[in-house]
Every structure is written in C-alpha cells, then in structure tokens.
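For reference, the structure discussed in these notes is given below.
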Amino acid sequence: MYCHKREDKLMFKEIEDAWTEDSNSYDRLVQTQLSNRRDVIHWSRELKQILGEEPLDVLDVGCGPGFLSIMLSRLGHRVKAIDGAEGMVDCAARNLKKESAEAVVEVEDAVELPVEAAESYDVIISRDVVWTLYDPEKAFVRWREVLKPGGKVIIYDGDYRRGEKSLKKSAWRLLSQAIILITERRIPEKATHSDDTGMFRKLPMVTAKQPEEDKALILKAGYKKIRITEDSYRNSFKRLEYWKYGYQGKKFRIIIWK
C-alpha cells in the first residue's frame, strides 16, 4: 500500500478539510453544469449507455456537490452518494433536494468504505476522485469487495500531475482566468487543494502518470477486465469548460469489471 496506516487518518483529515473549504467553489461549478443543457444531455446518454435501462444499486464515491448522483437518480438508479468532506456532502444533499432527486448521502472515507457490506453494489462510480485518494491501491481492492459478482467500476479522471510546468500551460491558465471572469463575472479563487504543500504533495497520484498507474493498480487488485478510453467529451475544444479547465490535464474514462 502507498501509505503507512498511522498516517492515513492525518492525511484523510487534512485533505477532506481542504475539500470542505473548496466546496462552495465546486458547488458553483456543478450549478453551471446542471444549467447547461448540453452537459445534462451528454451525461444522461453516457450513463444510460454504460449502465443500461435496469435500475441498479450505485455507489457514487467522492460525490462532491452531487452532479453524478443527480444524473443517476434521474435515470432511476438506487444511489448512495458519499464524500469524505462534510462541506461537499452538505452541498450534495442540498442539490439533490433542489433537483427532486433521491439518494442516500453520507460522509464516508472513499478508501476504507467502513460501513459498506460485501457484494452490495452493481456499480461504483467516481469523477475526478482517484487522483485525490491517499491510498488508491487499497481503494481498488476495497471497491472490488463491495461490488456484486459481475459488477463494474466506472472512473472519470485526468492526468493531474503537479510540477508539469510549461509556457503553454501557464498561458492557458491565464486564458482560463480571463474566460471565467468574463463568463461567470467572478475572479477565480485559488483552490486550497492547488497548494503543493501539506498532505496534498504526498498523494501518490499527484506525481504518477495517469491512467497508466491506475491500470497497474487495477490489475494488481484482481479485476477481470479493464477498458481505458479518452474522455472525448471533456477533452473537446468545442466546450467552454475545456478552455476553462483543460490546462489541468487530459481526461480519461476507465471501466473495470469484477
């Protein structure tokens, strides 16, 4: 495993406190996505294509302000949404209620899943979560345990390595700030988790090349099959969100079968 157990609780608390501090900023992003017809249509089609029509038991790991949970609920799935950050859980609960979507929402460690029973979910899904985990190797093993036979894990993430500096990336980031200022009428705040100090700099995926590292850990965890593809929608230069946040790293999708 990546982390010594005695460090896990300290790392988990510091990371989740940072996400709670940033939760309002991410909530604004989710509000923008929920009001964007193109985004809503894409994610509805994407999830329906992967999951099918039959209602399933789905665990949304690292749910954030609840965007995927809302989409899944609208498609008729039985959803449990968890996040280690209390601020994110509060936002998710509020957004689910506002959108008349049903889901159980709780604070829970995405690595340990301490209250989840073995073989209890058809699907585990996450978006931009694996790179934030203090022990992704342990998480992949634990997620496999709580999946039903034949279940699958769906991961949306990006190659968010730190320290990859370039003139192109710096210029893109300045362009991003200008676009956000013009389109959202706000000055982008520096996210707490963007600081390369404290526990965030110790996260294993912060320096690992993704999705290559994901694949290695997934195969080690004993899954039956893995499929990795580019997230062409989130990487599309035709989307305004791409110009706002694409500098952070190339996005991908992983589907894993137990």
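Residues in the structure tokens are numbered from 1 in each chain, the chains being A, B, ... in the order shown, and ligands are numbered from 1 in the order shown.
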For this session: Excluding segment 54-66 of chain A and any residue of its chain fewer than 3 positions from it, enumerate the residues within 6 Å of it, using only C-alpha atoms, and give them as an MDAnalysis selection string.
Result: chainID A and resid 27 69 76:83 88 91:92 110 121:126 129
Exercise. In segment 99-257 of chain A, what's alpha helix (DSSP H) per DSSP? Answer as a count of residues only?
Worked result: 48
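Using only C-alpha atoms, the shortest contact distance between Phe237 of chain A and any of A:Tyr223, A:Lys9, A:Lys250, A:Lys148 is found at A:Lys250.
Closest to Leu203 of chain A among A:Asp159, A:Glu108, A:Asp135, A:Glu230 is A:Asp135, based on only C-alpha atoms.
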Problem set entry | Which residue of A:Ala208, A:Ile15, A:Val141, A:Ile179 approaches Leu113 of chain A most closely, using only C-alpha atoms |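 Residue with the minimum atom-to-atom distance to Leu113 of chain A: A:Val141.
Atom pair atom CA of Asp8 of chain A / atom CA of Lys138 of chain A: separated by 11.3 Å.
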Exercise. If we count only C-alpha atoms, what is near Ser44 of chain A at a cut-off of 12 Å, once residues fewer than 2 positions away on the same chain are taken out, given as a PyMOL selection string?
Worked result: chain A and resi 34+37-42+46-53+67-76
With N, CA and C atoms retained, export the selected residues as a CSV table (one decimal), in the first residue's frame.
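Here's the written file selection.csv:
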chain,number,residue,atom,x,y,z
A,34,LEU,N,-25.4,21.8,-14.2
A,34,LEU,CA,-26.8,21.4,-14.2
A,34,LEU,C,-27.7,22.4,-15.0
A,37,ARG,N,-27.6,22.6,-20.8
A,37,ARG,CA,-28.4,21.6,-21.4
A,37,ARG,C,-27.5,20.5,-22.1
A,38,ARG,N,-26.5,21.0,-22.7
A,38,ARG,CA,-25.6,20.1,-23.4
A,38,ARG,C,-24.9,19.1,-22.4
A,39,ASP,N,-24.4,19.6,-21.3
A,39,ASP,CA,-23.8,18.8,-20.3
A,39,ASP,C,-24.8,17.7,-19.8
A,40,VAL,N,-26.0,18.2,-19.4
A,40,VAL,CA,-27.0,17.3,-18.9
A,40,VAL,C,-27.3,16.2,-19.9
A,41,ILE,N,-27.5,16.5,-21.1
A,41,ILE,CA,-27.8,15.5,-22.2
A,41,ILE,C,-26.7,14.6,-22.3
A,42,HIS,N,-25.5,15.1,-22.4
A,42,HIS,CA,-24.3,14.2,-22.5
A,42,HIS,C,-24.2,13.2,-21.4
A,46,GLU,N,-24.5,9.2,-21.7
A,46,GLU,CA,-23.3,8.5,-21.3
A,46,GLU,C,-23.6,7.4,-20.3
A,47,LEU,N,-24.3,7.8,-19.2
A,47,LEU,CA,-24.6,6.9,-18.1
A,47,LEU,C,-25.6,5.8,-18.6
A,48,LYS,N,-26.5,6.2,-19.4
A,48,LYS,CA,-27.5,5.2,-19.8
A,48,LYS,C,-26.9,4.2,-20.7
A,49,GLN,N,-25.9,4.6,-21.6
A,49,GLN,CA,-25.2,3.7,-22.5
A,49,GLN,C,-24.4,2.7,-21.7
A,50,ILE,N,-23.7,3.1,-20.6
A,50,ILE,CA,-22.9,2.2,-19.9
A,50,ILE,C,-23.7,1.3,-18.9
A,51,LEU,N,-24.7,1.9,-18.3
A,51,LEU,CA,-25.4,1.2,-17.2
A,51,LEU,C,-26.6,0.4,-17.7
A,52,GLY,N,-27.2,0.9,-18.8
A,52,GLY,CA,-28.4,0.2,-19.3
A,52,GLY,C,-29.7,0.8,-18.7
A,53,GLU,N,-30.8,0.2,-19.0
A,53,GLU,CA,-32.1,0.7,-18.5
A,53,GLU,C,-32.5,0.2,-17.1
A,67,PHE,N,-23.4,16.1,-8.7
A,67,PHE,CA,-23.8,16.1,-10.1
A,67,PHE,C,-24.1,14.7,-10.6
A,68,LEU,N,-23.2,13.8,-10.5
A,68,LEU,CA,-23.4,12.4,-11.0
A,68,LEU,C,-24.6,11.7,-10.2
A,69,SER,N,-24.7,12.0,-9.0
A,69,SER,CA,-25.8,11.4,-8.2
A,69,SER,C,-27.1,11.8,-8.7
A,70,ILE,N,-27.2,13.1,-9.0
A,70,ILE,CA,-28.5,13.7,-9.6
A,70,ILE,C,-28.8,13.0,-10.9
A,71,MET,N,-27.8,12.9,-11.8
A,71,MET,CA,-28.0,12.2,-13.1
A,71,MET,C,-28.4,10.8,-12.9
A,72,LEU,N,-27.8,10.1,-12.0
A,72,LEU,CA,-28.1,8.7,-11.8
A,72,LEU,C,-29.5,8.5,-11.2
A,73,SER,N,-29.9,9.4,-10.3
A,73,SER,CA,-31.2,9.3,-9.8
A,73,SER,C,-32.3,9.6,-10.8
A,74,ARG,N,-32.0,10.5,-11.7
A,74,ARG,CA,-33.0,10.8,-12.8
A,74,ARG,C,-33.2,9.6,-13.7
A,75,LEU,N,-32.1,8.8,-13.8
A,75,LEU,CA,-32.2,7.6,-14.7
A,75,LEU,C,-32.8,6.4,-13.9
A,76,GLY,N,-33.2,6.6,-12.7
A,76,GLY,CA,-34.0,5.6,-12.0
A,76,GLY,C,-33.1,4.6,-11.1
Exercise. Got a sec to tell me which of segment 40-231 of chain A DSSP assigns to strand (DSSP E or B), as a PyMOL selection string?
Worked result: chain A and resi 57-61+78-83+104-107+121-127+147-158+225-230
Exercise. Restricting the calculation to only C-alpha atoms, which member of A:Asn36, A:Ser236, A:Ser120, A:Ser100 is positioned closest to Val146 of chain A?
Worked result: A:Ser120
For this session: Using only C-alpha atoms, determine which residues lie at most 10 Å from Glu213 of chain A, disregarding the query and same-chain residues fewer than 4 positions distant; provide the list as a ChimeraX atom specification.
Result: /A:136-137,204-205,208-209,217-218
Written selection (C-alpha atoms) as a compact mmCIF listing (two decimals), in the first residue's frame:
# COMPACT_ATOMS: atom_id res chain seq x y z
CA PRO A 136 -5.64 4.26 -4.35
CA GLU A 137 -4.21 0.75 -4.26
CA PRO A 204 0.56 9.13 -4.77
CA MET A 205 -1.35 10.12 -7.90
CA ALA A 208 2.05 9.40 -11.05
CA LYS A 209 1.27 9.27 -14.76
CA LEU A 217 -3.09 -0.89 -9.56
CA ILE A 218 -6.37 -2.15 -11.00
Problem set entry | Selected residue, from A:Ala171, A:Val153, A:Met199, A:Ile182, that lies nearest to Glu16 of chain A when counting only C-alpha atoms |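 Residue with the minimum atom-to-atom distance to Glu16 of chain A: A:Met199.
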Exercise. What separation in Å, quoted to one decimal, exists between atom CA of Lys98 of chain A and atom CA of Val130 of chain A?
Worked result: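 Calculated distance between atom CA of Lys98 of chain A and atom CA of Val130 of chain A is 27.6 Å.
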